[in-house]
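First comes the structure, then the notes that go with it.
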Amino acid sequence: MESVYGVPPDLAPFADLVICHELTHLADLPSWLDDPSVGRRGWGDIAPSRWAFQRLNEMYDSAAAPGMDGTNYVWFEFRLQIFAKRLWAAAGAAGFRRLNTMLRGPVLPDEEIFAVLGELDRAVADDLRRWQVG
């Protein structure tokens with residue numbers, strides 16, 4: 001934690017805490033999530049047809065739309081964990097620090113975010129781009 005957040009740790013942005021929390025779930029994920037036979041890049045490519053919302057830009061709607069019970073939103077969270085795992089493997093703490101700094105503001109156009117993601121891991125950037133547009 002100190003290598004990522006400094007001494008003393010700067011944990012002010014709530015988003016950082018959420019990211020850290022979600023990354024800890026990676027240790028408990030079953031091994032089949034990384035099995036390439038499940039999908040081109042494992043579970044991260046699977047979009048079950050039963051989910052009403054599947055595109056990344058619909059994540060908010062998956063929790064806020066009338067009649068939604070939160071399970072569709074959790075599907076987004078799990079999928080994002082797979083992308084986080086892949087980014088960590090490619091770029092480590094330095095890559096996450098770079099993303100954290102970039103995403104703290106100001107709000108950037110999607111293409112600028114994809115460009116930085118592509119520098120960290122081209123496959124993740126490409127997969128996120130495809131997920132965003134459906």
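Ordered as shown in the structure tokens, chains take letters A, B, and onward, while each chain numbers its residues from 1 and ligands are numbered from 1 in the order shown.
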For this session: With a distance cut-off of 6 Å and only C-alpha atoms, select the neighbouring residues of range 69-75 of chain A, excluding the residue or stretch itself and same-chain residues fewer than 6 positions from it, and output the selection as a list in words.
Result: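 Within the cut-off, the hits are Trp51, Ser62 and Ala63 of chain A.
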Exercise. So which residues touch range 91-98 of chain A within 7 Å, counting only C-alpha atoms, skipping near sequence neighbours fewer than 3 positions away, as a PyMOL selection string?
Worked result: chain A and resi 4+87-88+101-102+120
For this session: Check the DSSP output for the backbone and give back, as a PyMOL selection string, the residues of range 88-126 of chain A in helix (DSSP H, G or I).
Result: chain A and resi 88-103+110-120+122-126
